[in-house]
Amino acid sequence: MLVISDTSALSALAETSMVNLLPFIAGDVTITETIQHECADSGAPAELKAWIVAPPAWLSIVPDPAILLPETIVLDQGEASATHWPAGATGESSDSR
């Protein structure tokens, strides 16, 4: 199963010290580079920023899609990047871990 998350879900789980339950519930999780940047943003909760500094092995960080769907114009950049994930994608990681 491929699980793609946006920043809001990760933030809520990090703030409640439950983000490390994700692999037990969902297995591997994939986020885009935009979501990674949102997690590290100065306005993000401290717990989320601390967590994203050293992403766990079960988290894959993938490049943002080159083209976003027109329907995503009402979403923020992180949500739009997570929504436009190609069917059959494997979640290949682009991070340097």
# chains A, B, ... in the order shown; residues from 1 in each chain; ligands from 1
>>> residues_around(residues="segment 22-36 of chain A", least_positions_apart="6", cutoff="8 Å", atoms="only C-alpha atoms", output="VMD selection string")
chain A and resid 1 to 7 52 58 to 64 77 to 79 81 to 82 91
>>> select_by_dssp(residues="chain A", states="strand (DSSP E or B)", output="MDAnalysis selection string")
chainID A and resid 3:4 29:32 59:62
>>> write_last_selection(atoms="C-alpha atoms", output="CSV table (one decimal), in the first residue's frame")
chain,number,residue,atom,x,y,z
A,3,VAL,CA,0.4,6.1,1.7
A,4,ILE,CA,0.9,9.8,0.8
A,29,VAL,CA,4.7,6.8,4.0
A,30,THR,CA,5.6,9.1,1.2
A,31,ILE,CA,5.7,12.9,1.1
A,32,THR,CA,6.8,15.4,-1.5
A,59,LEU,CA,9.4,7.9,5.2
A,60,SER,CA,10.1,8.4,1.5
A,61,ILE,CA,10.6,12.0,0.2
A,62,VAL,CA,9.9,12.3,-3.5
>>> residues_around(residues="Leu10 of chain A", least_positions_apart="5", cutoff="9 Å", atoms="only C-alpha atoms", output="ChimeraX atom specification")
/A:5,15,19,39,48
>>> select_by_dssp(residues="chain A", states="alpha helix (DSSP H)", output="PDB file with C-alpha atoms, in the first residue's frame")
ATOM      1  CA  THR A   7       1.644  18.381   6.320  1.00  0.00           C
ATOM      2  CA  SER A   8      -1.517  18.623   8.445  1.00  0.00           C
ATOM      3  CA  ALA A   9      -1.631  14.922   9.296  1.00  0.00           C
ATOM      4  CA  LEU A  10       2.073  14.794  10.121  1.00  0.00           C
ATOM      5  CA  SER A  11       1.797  17.948  12.218  1.00  0.00           C
ATOM      6  CA  ALA A  12      -1.112  16.631  14.284  1.00  0.00           C
ATOM      7  CA  LEU A  13       0.674  13.347  14.904  1.00  0.00           C
ATOM      8  CA  ALA A  14       3.975  15.036  15.773  1.00  0.00           C
ATOM      9  CA  GLU A  15       2.308  17.447  18.203  1.00  0.00           C
ATOM     10  CA  LEU A  22       2.413   5.696  11.371  1.00  0.00           C
ATOM     11  CA  PRO A  23       4.496   2.727  10.170  1.00  0.00           C
ATOM     12  CA  PHE A  24       2.449   0.371  12.382  1.00  0.00           C
ATOM     13  CA  ILE A  25      -0.782   1.713  10.932  1.00  0.00           C
ATOM     14  CA  ALA A  26       0.166   2.454   7.342  1.00  0.00           C
ATOM     15  CA  GLU A  33       9.653  17.806  -1.203  1.00  0.00           C
ATOM     16  CA  THR A  34       7.139  20.641  -0.754  1.00  0.00           C
ATOM     17  CA  ILE A  35       5.635  18.865   2.240  1.00  0.00           C
ATOM     18  CA  GLN A  36       9.119  18.274   3.646  1.00  0.00           C
ATOM     19  CA  HIS A  37       9.803  22.022   3.367  1.00  0.00           C
ATOM     20  CA  GLU A  38       6.449  22.860   5.000  1.00  0.00           C
ATOM     21  CA  CYS A  39       7.325  20.553   7.905  1.00  0.00           C
ATOM     22  CA  ALA A  40      10.608  22.425   8.411  1.00  0.00           C
ATOM     23  CA  ALA A  46       8.518  22.634  17.050  1.00  0.00           C
ATOM     24  CA  GLU A  47       7.743  18.909  17.335  1.00  0.00           C
ATOM     25  CA  LEU A  48       7.242  18.619  13.577  1.00  0.00           C
ATOM     26  CA  LYS A  49      10.412  20.569  12.768  1.00  0.00           C
ATOM     27  CA  ALA A  50      12.433  18.374  15.139  1.00  0.00           C
ATOM     28  CA  TRP A  51      10.985  15.209  13.591  1.00  0.00           C
ATOM     29  CA  ILE A  52      11.619  16.150   9.937  1.00  0.00           C
ATOM     30  CA  VAL A  53      15.295  17.018  10.587  1.00  0.00           C
ATOM     31  CA  GLN A  77       1.189  23.770  -2.464  1.00  0.00           C
ATOM     32  CA  GLY A  78       1.756  20.783  -0.172  1.00  0.00           C
ATOM     33  CA  GLU A  79      -1.777  19.443  -0.612  1.00  0.00           C
ATOM     34  CA  ALA A  80      -1.592  19.985  -4.370  1.00  0.00           C
ATOM     35  CA  SER A  81       1.730  18.144  -4.647  1.00  0.00           C
ATOM     36  CA  ALA A  82       0.407  15.199  -2.604  1.00  0.00           C
ATOM     37  CA  THR A  83      -2.830  15.036  -4.605  1.00  0.00           C
TER      38      THR A  83
END
>>> atom_distance(atom1="atom CA of Gly43 of chain A", atom2="atom CA of Thr16 of chain A")
17.3 Å
